[in-house]
Amino acid sequence: MNQKISSPNTLLALACLAAGALLSAQAQADEGGVSFWLPGQMGTFAAVPNDPGWSWTFSGYHASADSATRNQNKRGRVTNTQLSTPSDLLFVSPTYTFETPLAGAQAAVSLTGLYGRAEVYDNAATTSPKGKTRSASSDDTRNDFGDLYPMATLKWKQGNHNYLAYATLGMPTGAYDPNRAANMGTNHWSYDAGGGYTYLNESSGTEFSAVLGLTLNQKNPDTDYKNGNDAHLDLSLSQFLNENFHIGLVGYAYHQLENDSAPGMGKKNQKSQVVGLGPQVGYFFSVGKKKWYVNLKAYDEFDAKNRTAGWNSWLSLFVPI
């Protein structure tokens, strides 16, 4: 590969972004059943510097997730609960990359916003010891704007090795109603920071990226609910087949480090976790004198505990200005 690769800005730290979009009142951990950090938002070329100036990242996100629980008390009463949380979101991230180095690194700032549709379907059936069953169901759908997510990054390049430091936060500006199951905002502040690494060999066309971060959450003032802090890891491995086209794998791991806290919750271990793995394809193409980039990736989730799980996909377009 003789052509220099201009990487897409993975500032979808939005992380969080979709966090507010999948809220469900009956999830076991993380209020609404999802974390501030949206697993999989960072990946390919995560630590590779971009060209100085303005750029935009547009990302479409679709997720289909559900969970099923079964509880039986000492008297033999059985309760089966099924929860489904499909969602469709659009993230928009304007980014400015500075030309003057800061501490030997390339600095950039971005602001991510989102608009989307959140749906929550819940069904519960209780069977008595005598075999009599009663069931109830509910659903809620919402189309609205979500929270805002500013982010700052520093990127260092040393040959094929690239390093990343980032900090982001979630501003509770999205549509939220404590009496509804489907919301587009988390209604609490969150803070996230971490680091990453990208190995990019332009001669062999090999790319590997990893980003590790930690999230700290504040309390929701309307519910007195506080999500436990968590750690998350996003991964990417890809191979270029020619100068512009690459294929590979993506993955993530999310693990809550401490329990949520809320009035009457107790100390039962309800930490959530999930792992995702799937394919990706990416393509660079010229528009005028600029190199645009499009990436499609999908994740199948497994090893989930205390949260809904299923599959999700991302279609992202990076546009340098």
# chains A, B, ... in the order shown; residues from 1 in each chain; ligands from 1
>>> residues_around(residues="range 80-95 of chain A", least_positions_apart="5", cutoff="7 Å", atoms="only C-alpha atoms", output="count of residues only")
38
>>> select_by_dssp(residues="range 45-214 of chain A", states="strand (DSSP E or B)", output="PyMOL selection string")
chain A and resi 53-72+78-84+87-97+102+105-127+133-145+148-158+161-171+190-201+206-214
>>> atom_distance(atom1="CA of Leu212 in chain A", atom2="CA of Ala182 in chain A")
29.0 Å
>>> residues_around(residues="Asp147 in chain A", least_positions_apart="3", cutoff="7 Å", atoms="only C-alpha atoms", output="ChimeraX atom specification")
/A:17,113,170-174,185
>>> closest_residue(among="A:Thr141, A:Ser272, A:Asn73, A:Asn244", to="Asn295 in chain A", atoms="only C-alpha atoms")
A:Asn244
>>> closest_residue(among="A:Arg180, A:Thr206, A:Ala193, A:Leu277", to="Arg142 in chain A", atoms="only C-alpha atoms")
A:Arg180
>>> closest_residue(among="A:Trp189, A:Trp311, A:Tyr252, A:Tyr96", to="Ala152 in chain A", atoms="only C-alpha atoms")
A:Tyr96
>>> decode(residues="range 252-266 of chain A", atoms="N, CA and C atoms", output="PDB file, in the first residue's frame")
ATOM      1  N   TYR A 252     -16.335  -6.319  21.188  1.00  0.00           N
ATOM      2  CA  TYR A 252     -16.339  -5.478  22.379  1.00  0.00           C
ATOM      3  C   TYR A 252     -16.653  -6.316  23.610  1.00  0.00           C
ATOM      4  N   ALA A 253     -16.266  -5.769  24.759  1.00  0.00           N
ATOM      5  CA  ALA A 253     -16.594  -6.363  26.054  1.00  0.00           C
ATOM      6  C   ALA A 253     -16.955  -5.235  27.002  1.00  0.00           C
ATOM      7  N   TYR A 254     -18.082  -5.403  27.693  1.00  0.00           N
ATOM      8  CA  TYR A 254     -18.549  -4.404  28.663  1.00  0.00           C
ATOM      9  C   TYR A 254     -18.766  -5.103  29.998  1.00  0.00           C
ATOM     10  N   HIS A 255     -18.279  -4.495  31.077  1.00  0.00           N
ATOM     11  CA  HIS A 255     -18.419  -5.127  32.395  1.00  0.00           C
ATOM     12  C   HIS A 255     -18.638  -4.049  33.453  1.00  0.00           C
ATOM     13  N   GLN A 256     -19.734  -4.169  34.189  1.00  0.00           N
ATOM     14  CA  GLN A 256     -20.025  -3.234  35.264  1.00  0.00           C
ATOM     15  C   GLN A 256     -19.173  -3.605  36.476  1.00  0.00           C
ATOM     16  N   LEU A 257     -18.476  -2.616  37.049  1.00  0.00           N
ATOM     17  CA  LEU A 257     -17.533  -2.864  38.129  1.00  0.00           C
ATOM     18  C   LEU A 257     -18.176  -2.829  39.498  1.00  0.00           C
ATOM     19  N   GLU A 258     -19.290  -2.143  39.626  1.00  0.00           N
ATOM     20  CA  GLU A 258     -19.973  -2.058  40.913  1.00  0.00           C
ATOM     21  C   GLU A 258     -21.480  -2.035  40.693  1.00  0.00           C
ATOM     22  N   ASN A 259     -22.223  -2.375  41.737  1.00  0.00           N
ATOM     23  CA  ASN A 259     -23.672  -2.412  41.638  1.00  0.00           C
ATOM     24  C   ASN A 259     -24.268  -1.020  41.494  1.00  0.00           C
ATOM     25  N   ASP A 260     -25.449  -0.975  40.901  1.00  0.00           N
ATOM     26  CA  ASP A 260     -26.239   0.247  40.923  1.00  0.00           C
ATOM     27  C   ASP A 260     -26.679   0.520  42.353  1.00  0.00           C
ATOM     28  N   SER A 261     -27.113   1.751  42.603  1.00  0.00           N
ATOM     29  CA  SER A 261     -27.638   2.091  43.921  1.00  0.00           C
ATOM     30  C   SER A 261     -28.915   2.897  43.761  1.00  0.00           C
ATOM     31  N   ALA A 262     -29.911   2.566  44.587  1.00  0.00           N
ATOM     32  CA  ALA A 262     -31.201   3.252  44.563  1.00  0.00           C
ATOM     33  C   ALA A 262     -31.939   2.918  45.849  1.00  0.00           C
ATOM     34  N   PRO A 263     -32.879   3.759  46.264  1.00  0.00           N
ATOM     35  CA  PRO A 263     -33.637   3.477  47.486  1.00  0.00           C
ATOM     36  C   PRO A 263     -34.317   2.114  47.422  1.00  0.00           C
ATOM     37  N   GLY A 264     -34.082   1.282  48.441  1.00  0.00           N
ATOM     38  CA  GLY A 264     -34.730  -0.014  48.522  1.00  0.00           C
ATOM     39  C   GLY A 264     -34.125  -1.095  47.650  1.00  0.00           C
ATOM     40  N   MET A 265     -33.007  -0.835  47.002  1.00  0.00           N
ATOM     41  CA  MET A 265     -32.437  -1.814  46.083  1.00  0.00           C
ATOM     42  C   MET A 265     -31.722  -2.956  46.807  1.00  0.00           C
ATOM     43  N   GLY A 266     -31.134  -2.676  47.955  1.00  0.00           N
ATOM     44  CA  GLY A 266     -30.388  -3.712  48.645  1.00  0.00           C
ATOM     45  C   GLY A 266     -29.003  -3.900  48.052  1.00  0.00           C
TER      46      GLY A 266
END
